[in-house]
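Enquirer: Quick one: structure below, then a few questions.
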Amino acid sequence: EHIHHDHIICRGCGKIVEFKNDDIEKLQNEIAKKNRFKVYAHKLELYGLCYDCIK
């Protein structure tokens with residue numbers, strides 16, 4: 001079974017970290033419901049710099 005996850009991506013070195021956050025999933029569902037949408041898929045990618053690239 002595939003468990004949905006999101007990504008945080010370093011703009012410096014390209015490192016990608018997969019993460020799952022139940023609060024984000026809940027908020028997405030609330031937003032969809034409020035706007036009368038049925039969401040079939042989504043993609044969340046956060047971009048920044050990892051610790052090694054900040055040093």
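Every chain in the structure tokens takes a letter, A first, then B, and so on in the order presented; its residues are numbered from 1, and the ligands are numbered from 1 following the presented order.
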According to DSSP computed on the backbone, where in chain A is there strand (DSSP E)? Give the residues as a compact mmCIF listing (two decimals) with C-alpha atoms, in the first residue's frame.
Expert:
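Everything below was put into result_27.txt:
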```
# COMPACT_ATOMS: atom_id res chain seq x y z
CA ASP A 6 5.45 15.14 0.68
CA HIS A 7 8.95 16.46 -0.07
CA ILE A 8 11.37 19.10 1.16
CA ILE A 9 14.06 19.85 -1.40
CA CYS A 10 17.39 21.63 -0.98
CA ILE A 16 15.28 15.45 -1.08
CA VAL A 17 13.64 14.43 2.19
CA GLU A 18 10.29 12.65 2.16
CA PHE A 19 7.96 13.35 5.07
CA GLU A 45 7.14 20.34 -2.34
CA LEU A 46 8.92 22.68 0.05
CA TYR A 47 12.14 24.34 -1.16
CA GLY A 48 14.97 25.77 0.90
```
Enquirer: Residues near Tyr51 in chain A, anyone? I mean within 12 Å using only C-alpha atoms, not counting same-chain ones fewer than 4 positions away, as a list of chain:residue names.
Expert: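 Here the qualifying residues turn out to be A:Ile9, A:Cys10, A:Arg11, A:Gly12, A:Cys13, A:Lys15, A:Lys55.
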Enquirer: Save the residues we just selected, C-alpha atoms, as an mmCIF file, in the first residue's frame?
Expert:
```cif
data_model
loop_
_atom_site.group_PDB
_atom_site.id
_atom_site.type_symbol
_atom_site.label_atom_id
_atom_site.label_comp_id
_atom_site.auth_asym_id
_atom_site.auth_seq_id
_atom_site.Cartn_x
_atom_site.Cartn_y
_atom_site.Cartn_z
ATOM 1 C CA ILE A 9 14.057 19.850 -1.404
ATOM 2 C CA CYS A 10 17.386 21.633 -0.979
ATOM 3 C CA ARG A 11 18.071 24.255 -3.659
ATOM 4 C CA GLY A 12 21.773 24.055 -2.869
ATOM 5 C CA CYS A 13 22.658 20.386 -3.233
ATOM 6 C CA LYS A 15 18.900 16.681 -1.308
ATOM 7 C CA LYS A 55 26.888 26.138 7.039
#
```
Enquirer: What is the distance between CA of Asp23 in chain A and CA of Cys53 in chain A, in Å to one decimal?
Expert: 27.9 Å
Enquirer: From the options A:Asp22, A:Leu27, A:Leu49, A:Phe37, which residue's atoms come nearest to Ile3 in chain A, counting only C-alpha atoms?
Expert: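 When distances to Ile3 in chain A are compared using only C-alpha atoms, the smallest one comes from A:Asp22.
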Enquirer: Please, which residues of chain A, numbered as in this document, come out alpha helix (DSSP H) from DSSP, as a VMD selection string?
Expert: chain A and resid 22 to 34 51 to 54
Enquirer: Counting only C-alpha atoms, which residue out of A:Lys43, A:Lys34, A:Cys50, A:Lys26 sits closest to His5 in chain A?
Expert: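 Closest residue, counting only C-alpha atoms: A:Lys43.
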Enquirer: CA of Tyr40 in chain A to CA of Asn21 in chain A: how many Å, to one decimal?
Expert: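 Those two atoms sit 17.9 Å apart.
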